[in-house]
Every structure is written in C-alpha cells, then in structure tokens.
>>> print(open('query01.cif').read())   # mmCIF, C-alpha atoms
data_work
#
loop_
_atom_site.label_atom_id
_atom_site.label_comp_id
_atom_site.auth_asym_id
_atom_site.auth_seq_id
_atom_site.Cartn_x
_atom_site.Cartn_y
_atom_site.Cartn_z
CA MET A 1 -139.50 40.53 -165.73
CA THR A 2 -136.78 38.08 -166.69
CA SER A 3 -133.76 37.30 -164.51
CA PRO A 4 -130.97 37.87 -167.03
CA THR A 5 -127.84 36.43 -165.43
CA SER A 6 -126.58 34.51 -162.42
CA GLU A 7 -124.64 37.60 -161.35
CA THR A 8 -126.54 39.84 -158.95
CA THR A 9 -124.37 42.96 -158.72
CA MET A 10 -122.20 44.99 -161.09
CA ARG A 11 -120.00 48.08 -161.17
CA ALA A 12 -121.30 51.38 -162.54
CA VAL A 13 -120.04 54.96 -162.61
CA GLY A 14 -122.80 57.28 -161.44
CA PHE A 15 -124.01 59.72 -158.83
CA HIS A 16 -126.50 60.05 -155.97
CA GLU A 17 -126.76 63.86 -156.07
CA HIS A 18 -126.47 66.58 -158.69
CA GLY A 19 -123.69 69.11 -158.67
CA ASP A 20 -120.47 68.76 -160.62
CA ILE A 21 -118.20 65.96 -161.73
CA ASP A 22 -116.94 65.38 -158.20
CA GLN A 23 -120.33 63.73 -157.56
CA PHE A 24 -119.39 60.75 -159.72
CA GLU A 25 -118.36 57.59 -157.91
CA LEU A 26 -117.77 53.92 -158.61
CA LEU A 27 -120.92 52.13 -157.51
CA ASP A 28 -121.84 48.55 -156.69
CA VAL A 29 -125.42 48.14 -157.92
CA PRO A 30 -127.84 45.36 -158.91
CA VAL A 31 -127.62 43.89 -162.39
CA PRO A 32 -130.65 45.11 -164.36
CA THR A 33 -133.56 42.80 -164.98
CA ILE A 34 -135.09 42.90 -168.45
CA GLU A 35 -138.62 43.19 -169.75
CA PRO A 36 -139.93 40.68 -172.34
CA ASP A 37 -139.09 43.04 -175.22
CA GLU A 38 -135.58 43.90 -173.94
CA VAL A 39 -132.12 42.42 -174.08
CA LEU A 40 -129.33 42.55 -171.54
CA VAL A 41 -126.16 43.96 -173.08
CA ASP A 42 -122.82 42.91 -171.62
CA VAL A 43 -121.19 46.32 -172.06
CA ARG A 44 -117.65 46.23 -173.41
CA ALA A 45 -117.21 49.94 -174.18
CA ALA A 46 -119.12 53.17 -173.55
CA SER A 47 -118.15 56.61 -174.82
CA LEU A 48 -118.44 59.94 -173.03
CA ASN A 49 -120.54 62.80 -174.39
CA HIS A 50 -121.22 66.29 -173.12
CA GLN A 51 -124.70 65.10 -172.14
CA ASP A 52 -123.00 63.16 -169.33
CA LEU A 53 -121.74 66.44 -167.86
CA PHE A 54 -125.16 68.03 -168.31
CA ALA A 55 -126.80 65.05 -166.58
CA VAL A 56 -124.96 65.57 -163.29
CA ARG A 57 -124.95 69.37 -163.48
CA GLU A 58 -128.40 70.28 -164.75
CA LEU A 59 -130.80 67.43 -165.53
CA GLU A 60 -132.34 66.59 -162.15
CA HIS A 61 -135.79 67.04 -163.73
CA TYR A 62 -135.03 64.10 -166.10
CA VAL A 63 -133.45 61.55 -163.79
CA PRO A 64 -136.01 58.89 -162.77
CA GLU A 65 -134.17 57.42 -159.76
CA TYR A 66 -130.86 57.42 -157.90
CA PRO A 67 -128.16 56.34 -158.11
CA PHE A 68 -128.08 57.29 -161.78
CA TRP A 69 -125.43 56.63 -164.40
CA GLY A 70 -125.03 57.97 -167.91
CA GLY A 71 -123.54 56.55 -171.06
CA GLY A 72 -125.82 57.05 -174.04
CA ASP A 73 -123.31 55.37 -176.36
CA MET A 74 -122.43 51.75 -175.67
CA ALA A 75 -121.40 48.55 -177.42
CA GLY A 76 -120.95 44.96 -176.32
CA THR A 77 -122.53 41.54 -176.66
CA VAL A 78 -126.02 40.24 -176.00
CA ALA A 79 -126.00 38.48 -172.61
CA ALA A 80 -129.71 37.56 -172.40
CA VAL A 81 -132.90 38.12 -174.36
CA GLY A 82 -136.45 38.75 -173.21
CA ASP A 83 -139.25 36.28 -173.89
CA ARG A 84 -140.70 38.30 -176.80
CA VAL A 85 -137.39 39.14 -178.49
CA THR A 86 -136.66 37.59 -181.87
CA GLY A 87 -133.75 38.04 -184.26
CA TRP A 88 -131.04 38.43 -181.60
CA ASP A 89 -128.97 35.64 -180.08
CA VAL A 90 -126.79 35.57 -177.00
CA GLY A 91 -123.27 36.55 -178.00
CA ALA A 92 -124.25 38.85 -180.87
CA ARG A 93 -122.01 41.94 -181.22
CA VAL A 94 -124.15 45.06 -180.91
CA ALA A 95 -124.16 48.82 -180.52
CA VAL A 96 -127.12 50.72 -179.11
CA ASP A 97 -129.20 53.49 -180.65
CA PRO A 98 -129.17 55.94 -177.71
CA THR A 99 -132.63 57.35 -178.44
CA ILE A 100 -135.82 55.78 -177.10
CA THR A 101 -139.06 56.65 -178.88
CA CYS A 102 -142.67 55.58 -178.55
CA GLY A 103 -143.21 54.43 -182.15
CA THR A 104 -146.86 55.50 -182.12
CA CYS A 105 -147.01 59.32 -182.04
CA ARG A 106 -147.52 61.36 -185.22
CA PHE A 107 -143.80 62.06 -185.56
CA CYS A 108 -142.68 58.45 -185.09
CA LEU A 109 -145.26 57.29 -187.63
CA ALA A 110 -143.84 59.84 -190.08
CA GLY A 111 -140.31 58.48 -189.55
CA GLU A 112 -139.19 61.52 -187.51
CA GLN A 113 -138.34 59.70 -184.30
CA SER A 114 -136.13 62.55 -183.05
CA MET A 115 -139.30 64.65 -182.68
CA CYS A 116 -141.13 61.92 -180.73
CA GLU A 117 -143.63 63.31 -178.23
CA ARG A 118 -142.27 60.90 -175.58
CA TYR A 119 -138.63 61.11 -176.63
CA GLN A 120 -135.97 59.81 -174.25
CA VAL A 121 -132.22 59.28 -174.36
CA PHE A 122 -130.02 56.77 -172.56
CA GLY A 123 -127.90 58.69 -170.10
CA GLU A 124 -130.49 61.45 -169.55
CA HIS A 125 -133.89 59.85 -168.98
CA ARG A 126 -132.72 56.27 -168.53
CA LYS A 127 -129.61 54.65 -167.08
CA GLY A 128 -127.00 54.03 -169.72
CA GLY A 129 -123.81 52.20 -170.50
CA PHE A 130 -121.41 53.37 -167.77
CA ALA A 131 -121.88 49.96 -166.21
CA GLU A 132 -121.08 46.32 -166.77
CA TYR A 133 -124.59 45.56 -168.03
CA ALA A 134 -127.46 47.56 -169.54
CA ALA A 135 -131.10 46.71 -170.21
CA VAL A 136 -131.98 47.85 -173.73
CA PRO A 137 -135.12 47.57 -175.91
CA ALA A 138 -134.37 45.06 -178.64
CA GLU A 139 -135.42 47.57 -181.30
CA ASN A 140 -132.52 49.79 -180.24
CA LEU A 141 -129.87 47.24 -181.15
CA VAL A 142 -127.61 47.69 -184.16
CA SER A 143 -125.43 44.83 -185.37
CA VAL A 144 -121.69 45.53 -185.29
CA PRO A 145 -119.42 43.85 -187.87
CA ASP A 146 -116.58 41.68 -186.59
CA SER A 147 -114.11 44.07 -188.24
CA VAL A 148 -115.18 46.99 -186.01
CA SER A 149 -113.84 47.26 -182.45
CA PHE A 150 -116.17 47.75 -179.51
CA GLU A 151 -114.41 51.06 -178.79
CA THR A 152 -115.19 52.37 -182.28
CA ALA A 153 -118.75 51.02 -182.14
CA ALA A 154 -119.37 52.74 -178.79
CA ALA A 155 -117.92 56.03 -179.99
CA ALA A 156 -120.00 56.19 -183.16
CA PRO A 157 -123.81 56.28 -182.75
CA MET A 158 -124.61 59.60 -181.08
CA VAL A 159 -122.06 61.78 -182.87
CA THR A 160 -122.43 60.10 -186.26
CA GLY A 161 -126.23 60.12 -186.26
CA THR A 162 -126.45 63.67 -184.90
CA ALA A 163 -123.91 65.07 -187.36
CA TRP A 164 -125.55 63.29 -190.28
CA ARG A 165 -128.98 64.64 -189.44
CA ALA A 166 -127.66 68.19 -189.02
CA LEU A 167 -125.66 68.33 -192.23
CA ALA A 168 -127.43 65.99 -194.63
CA THR A 169 -131.04 66.01 -193.43
CA ARG A 170 -131.55 69.47 -191.93
CA ALA A 171 -129.00 71.69 -193.70
CA SER A 172 -129.17 69.74 -196.99
CA LEU A 173 -125.46 70.34 -197.51
CA GLU A 174 -124.51 69.99 -201.19
CA PRO A 175 -121.16 68.97 -202.74
CA TYR A 176 -120.63 72.40 -204.36
CA GLU A 177 -121.06 74.22 -201.03
CA ASP A 178 -118.62 75.07 -198.28
CA LEU A 179 -118.92 74.49 -194.53
CA LEU A 180 -117.61 76.04 -191.32
CA VAL A 181 -117.58 73.77 -188.26
CA VAL A 182 -117.32 75.72 -184.99
CA GLY A 183 -115.66 73.68 -182.24
CA ALA A 184 -114.53 71.04 -184.70
CA THR A 185 -112.23 68.98 -182.47
CA GLY A 186 -114.96 67.59 -180.21
CA GLY A 187 -116.69 64.29 -180.75
CA LEU A 188 -119.52 65.77 -182.76
CA GLY A 189 -117.40 68.31 -184.61
CA HIS A 190 -114.72 65.90 -185.81
CA MET A 191 -117.37 63.50 -187.10
CA ALA A 192 -119.11 66.36 -188.93
CA VAL A 193 -115.80 67.16 -190.62
CA GLN A 194 -115.36 63.56 -191.76
CA LEU A 195 -118.89 63.15 -193.06
CA ALA A 196 -118.67 66.46 -194.92
CA ARG A 197 -115.34 65.52 -196.50
CA GLU A 198 -115.68 61.80 -197.16
CA VAL A 199 -119.41 61.34 -197.78
CA LEU A 200 -121.03 64.67 -198.68
CA ASN A 201 -117.98 65.80 -200.69
CA VAL A 202 -118.30 69.49 -199.82
CA ASP A 203 -116.16 71.97 -201.69
CA THR A 204 -114.22 73.59 -198.82
CA ILE A 205 -114.19 72.98 -195.06
CA TYR A 206 -113.31 75.66 -192.51
CA ALA A 207 -112.99 74.87 -188.80
CA THR A 208 -112.23 76.61 -185.53
CA THR A 209 -110.08 75.32 -182.69
CA SER A 210 -107.85 76.60 -179.91
CA THR A 211 -104.38 74.99 -180.12
CA GLU A 212 -101.85 74.03 -182.78
CA GLU A 213 -102.09 70.39 -181.68
CA LYS A 214 -105.83 70.40 -182.34
CA ALA A 215 -105.29 72.30 -185.61
CA ALA A 216 -102.93 69.56 -186.82
CA PHE A 217 -105.55 66.97 -185.87
CA LEU A 218 -108.14 68.76 -188.01
CA ARG A 219 -105.83 69.15 -190.98
CA ASP A 220 -105.22 65.41 -190.87
CA LEU A 221 -108.99 64.92 -191.10
CA GLY A 222 -109.12 67.02 -194.26
CA VAL A 223 -110.01 70.54 -193.08
CA ASP A 224 -108.85 73.09 -195.66
CA HIS A 225 -108.63 76.12 -193.38
CA VAL A 226 -108.19 75.88 -189.59
CA ILE A 227 -108.71 79.09 -187.58
CA ASP A 228 -107.40 79.50 -184.03
CA TYR A 229 -110.17 81.48 -182.37
CA THR A 230 -107.87 82.42 -179.50
CA GLU A 231 -105.65 84.33 -181.94
CA GLU A 232 -108.14 85.97 -184.31
CA GLU A 233 -111.85 86.60 -184.83
CA PHE A 234 -112.96 83.59 -186.83
CA SER A 235 -115.80 85.33 -188.68
CA ALA A 236 -113.45 88.02 -189.97
CA ARG A 237 -110.97 85.37 -191.10
CA VAL A 238 -113.69 83.40 -192.91
CA TRP A 239 -114.89 86.62 -194.56
CA GLU A 240 -111.35 87.24 -195.79
CA LEU A 241 -110.76 83.66 -196.97
CA THR A 242 -114.02 83.61 -198.94
CA GLY A 243 -113.42 86.96 -200.66
CA LYS A 244 -116.08 88.68 -198.53
CA ARG A 245 -118.70 86.17 -199.60
CA GLY A 246 -119.13 84.03 -196.49
CA VAL A 247 -119.75 80.28 -196.26
CA ASP A 248 -122.89 78.43 -197.26
CA VAL A 249 -123.38 76.53 -193.99
CA VAL A 250 -122.12 76.92 -190.42
CA TYR A 251 -122.45 74.00 -188.02
CA ASN A 252 -122.31 75.36 -184.47
CA ASN A 253 -122.72 73.15 -181.37
CA VAL A 254 -120.99 75.56 -179.02
CA GLY A 255 -123.35 78.53 -178.62
CA GLY A 256 -122.19 81.20 -176.19
CA GLU A 257 -119.94 83.88 -177.66
CA THR A 258 -119.57 81.99 -180.95
CA TRP A 259 -123.20 82.49 -181.98
CA VAL A 260 -123.13 85.98 -183.53
CA PRO A 261 -119.73 85.44 -185.23
CA SER A 262 -121.23 82.30 -186.79
CA MET A 263 -123.97 84.45 -188.33
CA ARG A 264 -121.39 86.93 -189.57
CA ALA A 265 -119.46 84.14 -191.28
CA LEU A 266 -122.45 83.20 -193.47
CA ARG A 267 -123.16 84.37 -196.99
CA SER A 268 -126.49 85.94 -197.82
CA GLY A 269 -129.05 83.14 -197.83
CA GLY A 270 -126.73 80.90 -195.77
CA ARG A 271 -127.77 78.33 -193.18
CA LEU A 272 -126.77 78.17 -189.52
CA VAL A 273 -127.49 74.73 -188.06
CA THR A 274 -127.09 73.83 -184.40
CA SER A 275 -127.48 70.71 -182.28
CA GLY A 276 -125.74 71.77 -179.09
CA ALA A 277 -124.77 74.61 -176.76
CA THR A 278 -121.77 73.44 -174.76
CA ALA A 279 -120.55 77.00 -174.10
CA GLY A 280 -123.94 78.42 -173.14
CA PRO A 281 -127.59 78.08 -174.21
CA ASN A 282 -128.57 81.76 -174.14
CA PRO A 283 -126.12 83.66 -176.32
CA PRO A 284 -126.64 87.22 -177.56
CA THR A 285 -127.95 87.28 -181.11
CA GLU A 286 -128.12 89.74 -184.01
CA VAL A 287 -131.57 89.77 -185.53
CA ARG A 288 -130.55 92.25 -188.23
CA LEU A 289 -128.14 89.73 -189.70
CA VAL A 290 -130.97 87.20 -189.92
CA PHE A 291 -133.30 89.42 -191.92
CA VAL A 292 -130.81 91.52 -193.88
CA ARG A 293 -128.88 88.46 -195.11
CA GLN A 294 -132.02 86.29 -195.14
CA LEU A 295 -130.35 83.58 -193.08
CA ASP A 296 -131.92 80.27 -192.13
CA VAL A 297 -131.36 79.19 -188.52
CA LEU A 298 -131.97 75.45 -188.20
CA GLY A 299 -132.32 73.35 -185.09
CA SER A 300 -131.27 69.72 -185.26
CA THR A 301 -131.33 67.31 -182.35
CA ALA A 302 -130.35 63.65 -182.39
CA HIS A 303 -131.04 61.37 -185.32
CA SER A 304 -134.05 59.49 -186.58
CA ALA A 305 -133.71 55.73 -186.96
CA THR A 306 -133.12 56.20 -190.69
CA ASP A 307 -130.47 58.88 -190.11
CA LEU A 308 -128.55 56.63 -187.73
CA ARG A 309 -128.55 53.49 -189.81
CA HIS A 310 -127.67 55.42 -192.95
CA ALA A 311 -124.77 57.18 -191.21
CA LEU A 312 -123.41 54.12 -189.41
CA ARG A 313 -122.87 52.22 -192.62
CA TYR A 314 -120.01 54.66 -193.36
CA VAL A 315 -118.45 53.77 -190.01
CA TRP A 316 -118.89 50.04 -190.52
CA ASP A 317 -117.24 50.14 -193.98
CA GLY A 318 -114.39 52.38 -192.79
CA THR A 319 -115.26 55.48 -194.83
CA VAL A 320 -115.30 57.50 -191.59
CA GLU A 321 -114.14 56.58 -188.11
CA PRO A 322 -114.64 58.26 -184.75
CA VAL A 323 -111.20 59.07 -183.41
CA VAL A 324 -110.79 57.58 -179.95
CA GLN A 325 -108.31 59.87 -178.22
CA GLU A 326 -108.05 57.80 -175.05
CA THR A 327 -109.65 54.86 -173.28
CA PHE A 328 -110.18 54.52 -169.52
CA PRO A 329 -111.21 51.66 -167.25
CA LEU A 330 -114.26 52.41 -165.14
CA GLU A 331 -112.00 52.94 -162.13
CA ALA A 332 -110.38 55.94 -163.88
CA TYR A 333 -113.70 57.76 -164.21
CA ALA A 334 -112.46 60.93 -162.45
CA GLU A 335 -109.66 61.43 -164.97
CA ALA A 336 -111.99 60.77 -167.91
CA PHE A 337 -114.62 63.29 -166.80
CA ARG A 338 -111.98 65.89 -165.94
CA THR A 339 -110.43 65.56 -169.41
CA MET A 340 -113.81 66.26 -170.99
CA ALA A 341 -114.79 69.04 -168.58
CA ASP A 342 -111.47 70.84 -169.16
CA ARG A 343 -111.95 70.65 -172.94
CA ARG A 344 -108.70 68.78 -173.39
CA ALA A 345 -110.33 66.12 -175.54
CA TYR A 346 -110.27 65.86 -179.28
CA GLY A 347 -112.27 63.11 -180.85
CA LYS A 348 -113.80 60.70 -178.33
CA LEU A 349 -113.08 59.43 -174.81
CA VAL A 350 -114.21 55.87 -174.12
CA PHE A 351 -114.66 53.70 -171.04
CA THR A 352 -113.63 50.08 -171.58
CA VAL A 353 -115.38 47.54 -169.39
CA ASP A 354 -113.56 44.35 -168.43
#
>>> encode(input="query01.cif", output="structure tokens")
Amino acid sequence: MTSPTSETTMRAVGFHEHGDIDQFELLDVPVPTIEPDEVLVDVRAASLNHQDLFAVRELEHYVPEYPFWGGGDMAGTVAAVGDRVTGWDVGARVAVDPTITCGTCRFCLAGEQSMCERYQVFGEHRKGGFAEYAAVPAENLVSVPDSVSFETAAAAPMVTGTAWRALATRASLEPYEDLLVVGATGGLGHMAVQLAREVLNVDTIYATTSTEEKAAFLRDLGVDHVIDYTEEEFSARVWELTGKRGVDVVYNNVGGETWVPSMRALRSGGRLVTSGATAGPNPPTEVRLVFVRQLDVLGSTAHSATDLRHALRYVWDGTVEPVVQETFPLEAYAEAFRTMADRRAYGKLVFTVD
C-alpha cells in the first residue's frame, strides 16, 4: 500500500450500528491508504441517494467493516496516485463512477458491467464519499470539465447513468413515444425527465408528484402533464389524458402502492421499467394486466461504463443538469438525511467538503 498524504485522520459521516438515520454521526477516522492501482480523491462534494438510507437501515449483509460511511456519488481532485496508475495527475478534477466491477466475468467482457458477477457499489459494499478523502480505483475516474462545478459533478453520475440505462438502453424509448415518470421530483426521476425531454425527444411526458411546489418544479423541467397523486388516481388521469390509450413507457422507481396503477397507465404492448423501490419492494401486482395487455416489465439497475460515459457528456455540455436543491456541510448531516427521509427533497441534496 501507498501512504497517500501527510494527514493521518479525516472527518467522515457514518455509523457504527444499523438502525435508522439517528445512527449517523460525525466521525474522526484514518485517511485511507491506496493500492497501486488506486488514487486518493480529495473529496469536494458528495451527493445523497436513497441507497444511503438503505445502507444504514437494511444493508448489514453488505457492509465489510465498521464504522461505515456511504456516498456513492463524489467529485473532487486527485490527491495522490498509486504506483501503477497512469493517465491521472495530482490536481486533476474528477468524478467517480460509483460502480465497481471485476472486468473479467462474462458480463463485463460483454460490456454489461451492471450485471457483473462480483458487482459492488460505493456506499453499499465499499466506503464512499461522505468523507474528506476516498480511495478509488483509477479506472473509476471520470474527468470533469473546468466549467462544471464539483456540486454538479457529484450529483450527476448515479442518477444520470441509471436513468439513461433505464430509458435508452432497457426501455428503448423512441422520440414518437410518450413517457410517465412516477415519483418524478426525486434525484433519479428529475434526471429521467430531462433526458427524455432534452436528449431522447419523447413526444409527451407525464409525471406524478405530491405538492404544487413540486409540480411547478416539474413543469419548469418540461413535463407536459403533472398529476398530483394525493388528489387523484394517476392511472385514471393518464387514461383520460391519452384518450383511453395509455402511455408507451412508465418509469417507476417507487414500487409500493404505485405498482399496479403504473401497469394500468400503460397501453397494450407498453413497457414498465423499474430501477428502484423506495416505497416498498414487495408491492401487490396484477398478472392479468401483464398478459391481457401483453406488457413488458423490465428491470434496470445502475449503468454500464458505456451508459455512464454516454450520459455524462450531456451533463458536461449543459444539455441536462442535476438540480441541486440544497448543499450541506458535513456537520449538518442530520438535517440532510432528515430532508431526504421525509421526502422533502426535489432534485439532489449534496454535501460540500471544505
């Protein structure tokens, strides 16, 4: 191992025991050492994702050691490089691909890294960016243009890559089709809306949300029809708006009670694609809708390397941009996690590291 810096300790936001968000604390921990094929990233920003709530609440079978801290999305500068690393210099501005893959299994060799047989994610299987420094495989680095802030760069990778894979790669969404995004104001949902509108050029976008403030946010992003699911059944409203046809594609990362209505909102031969279950992983279903309407139900997890790099170019050139609702210093971790847990966030929440 290489000693990466003269500093020996750093701050991190993590936990020693599983439970709920009250387990998080501000820690004083050793600065990571790096392997020959790794770099040390001086973290300048790290964004929150729902996986960070799952990590403390449910993922004790993943965590390799305690204390553990999340933060799959991070950006900063290269502070040190391992002995075998080439192509990266100290001071380079970088973001991090949050997925760690083996590179040698049948799926990696086919370019489908998200199906890797030894798949891992920063913030679930490996300590992430909720800290002043992070040890990262050099192959996970992505160069960040000078024109892009660290906050934007940290907010982008997971949601942009995941949304791109779901809509473009898995659902094969076409410009002449229409799309319903369920839970559209979250980090993943609002990026799906932007990619569908600005890059995939879909015909009509429908979205669900729960407040007028969030509805206005979605209209500003280009949603044609916003449905307040607290006021009306969204599948019935979609059915009415489409002349009893239904939409071509539904993107649902919520699960729970939204699952069957998502099926009902689809046209015959439509596609339901999911890459999350923030409201519950075991919803009731309606098998008759699947076979009578001949629906396709598609699973889509995080991105492949190609998905991510293809999608991020639209962030780097300004075509789409993750909306950072609020930034927090590490010391304000309790407020940040409470905002996410209470579903008060729209867009992204980001830790800034001084």
>>> atom_distance(input="query01.cif", atom1="atom CA of Gln23 of chain A", atom2="atom CA of Thr327 of chain A")
21.0 Å
>>> closest_residue(input="query01.cif", among="A:Glu326, A:Asp317, A:Glu17, A:Asp354", to="Ser147 of chain A", atoms="all atoms listed in the file")
A:Asp317
>>> atom_distance(input="query01.cif", atom1="atom CA of Ala12 of chain A", atom2="atom CA of Val121 of chain A")
17.9 Å
>>> closest_residue(input="query01.cif", among="A:Leu26, A:Ala168, A:Leu200, A:Val148", to="Leu330 of chain A", atoms="all atoms listed in the file")
A:Leu26
>>> resolve_selection(input="query01.cif", expression="the PyMOL selection byres ((chain A and resi 352) around 7)", output="compact mmCIF listing (two decimals) with C-alpha atoms, keeping the file's coordinate frame")
# COMPACT_ATOMS: atom_id res chain seq x y z
CA ARG A 44 -117.65 46.23 -173.41
CA ALA A 45 -117.21 49.94 -174.18
CA ALA A 46 -119.12 53.17 -173.55
CA THR A 327 -109.65 54.86 -173.28
CA PHE A 328 -110.18 54.52 -169.52
CA PRO A 329 -111.21 51.66 -167.25
CA LEU A 330 -114.26 52.41 -165.14
CA VAL A 350 -114.21 55.87 -174.12
CA PHE A 351 -114.66 53.70 -171.04
CA VAL A 353 -115.38 47.54 -169.39
CA ASP A 354 -113.56 44.35 -168.43
>>> residues_near_point(input="query01.cif", point="(-129.8, 53.0, -176.2)", cutoff="7 Å", atoms="all atoms listed in the file", output="count of residues only")
11
>>> atom_distance(input="query01.cif", atom1="atom CA of Pro67 of chain A", atom2="atom CA of Leu27 of chain A")
8.4 Å
>>> closest_residue(input="query01.cif", among="A:Trp88, A:Ala153, A:Cys102, A:Thr185", to="Tyr314 of chain A", atoms="all atoms listed in the file")
A:Ala153
>>> resolve_selection(input="query01.cif", expression="the PyMOL selection byres ((chain A and resi 31) around 7)", output="ChimeraX atom specification")
/A:8-10,29-30,32-33,133
>>> resolve_selection(input="query01.cif", expression="the PyMOL selection byres ((chain A and resi 179-183) around 6)", output="JSON, numbers by chain")
{"A": [178, 184, 185, 205, 206, 207, 208, 209, 249, 250, 251, 252]}
>>> write_last_selection(input="query01.cif", atoms="C-alpha atoms", output="tab-separated table (two decimals), in the coordinates of the input")
chain	number	residue	atom	x	y	z
A	178	ASP	CA	-118.62	75.07	-198.28
A	184	ALA	CA	-114.53	71.04	-184.70
A	185	THR	CA	-112.23	68.98	-182.47
A	205	ILE	CA	-114.19	72.98	-195.06
A	206	TYR	CA	-113.31	75.66	-192.51
A	207	ALA	CA	-112.99	74.87	-188.80
A	208	THR	CA	-112.23	76.61	-185.53
A	209	THR	CA	-110.08	75.32	-182.69
A	249	VAL	CA	-123.38	76.53	-193.99
A	250	VAL	CA	-122.12	76.92	-190.42
A	251	TYR	CA	-122.45	74.00	-188.02
A	252	ASN	CA	-122.31	75.36	-184.47
>>> residues_around(input="query01.cif", residues="segment 332-342 of chain A", least_positions_apart="6", cutoff="10 Å", atoms="all atoms listed in the file", output="number ranges by chain")
A: 13-14, 20-26, 48-50, 52-53, 130, 186, 326, 348-351
>>> closest_residue(input="query01.cif", among="A:Gln325, A:Gln194, A:Thr211, A:Ser262", to="Phe234 of chain A", atoms="all atoms listed in the file")
A:Ser262
>>> closest_atom_pairs(input="query01.cif", of="segment 152-255 of chain A", to="segment 265-271 of chain A", cutoff="6 Å", atoms="only C-alpha atoms", output="tab-separated table")
residue	atom	partner	partner_atom	distance
A:Ser235	CA	A:Ala265	CA	4.6
A:Arg245	CA	A:Arg267	CA	5.5
A:Gly246	CA	A:Arg267	CA	4.1
A:Val247	CA	A:Leu266	CA	4.9
A:Asp248	CA	A:Gly270	CA	4.8
A:Val249	CA	A:Arg271	CA	4.8
>>> closest_residue(input="query01.cif", among="A:Ala236, A:Val142, A:Val273, A:Val260", to="Leu312 of chain A", atoms="only C-alpha atoms")
A:Val142
>>> residues_around(input="query01.cif", residues="Pro64 of chain A", least_positions_apart="4", cutoff="10 Å", atoms="all atoms listed in the file", output="NGL selection string")
:A and (60 or 68 or 124-127)
>>> residues_around(input="query01.cif", residues="Cys116 of chain A", least_positions_apart="4", cutoff="8 Å", atoms="all atoms listed in the file", output="list in words")
Thr101, Cys102, Gly103, Cys105, Arg106, Phe107, Cys108 and Glu112 of chain A
>>> closest_residue(input="query01.cif", among="A:Gly70, A:Gly347, A:Gly256, A:Pro175", to="Glu198 of chain A", atoms="only C-alpha atoms")
A:Pro175
>>> closest_atom_pairs(input="query01.cif", of="segment 76-187 of chain A", to="segment 287-301 of chain A", cutoff="10 Å", atoms="only C-alpha atoms", output="JSON lines")
{"residue": "A:Ser114", "atom": "CA", "partner": "A:Thr301", "partner_atom": "CA", "distance": 6.8}
{"residue": "A:Met115", "atom": "CA", "partner": "A:Thr301", "partner_atom": "CA", "distance": 8.4}
{"residue": "A:Gly161", "atom": "CA", "partner": "A:Thr301", "partner_atom": "CA", "distance": 9.6}
{"residue": "A:Thr162", "atom": "CA", "partner": "A:Thr301", "partner_atom": "CA", "distance": 6.6}
{"residue": "A:Ala163", "atom": "CA", "partner": "A:Ser300", "partner_atom": "CA", "distance": 9.0}
{"residue": "A:Trp164", "atom": "CA", "partner": "A:Ser300", "partner_atom": "CA", "distance": 10.0}
{"residue": "A:Arg165", "atom": "CA", "partner": "A:Ser300", "partner_atom": "CA", "distance": 7.0}
{"residue": "A:Ala166", "atom": "CA", "partner": "A:Ser300", "partner_atom": "CA", "distance": 5.4}
{"residue": "A:Leu167", "atom": "CA", "partner": "A:Ser300", "partner_atom": "CA", "distance": 9.1}
{"residue": "A:Thr169", "atom": "CA", "partner": "A:Ser300", "partner_atom": "CA", "distance": 9.0}
{"residue": "A:Arg170", "atom": "CA", "partner": "A:Ser300", "partner_atom": "CA", "distance": 6.7}
{"residue": "A:Ala171", "atom": "CA", "partner": "A:Leu298", "partner_atom": "CA", "distance": 7.3}
>>> residues_around(input="query01.cif", residues="Pro137 of chain A", least_positions_apart="3", cutoff="7 Å", atoms="only C-alpha atoms", output="ChimeraX atom specification")
/A:37-39,140
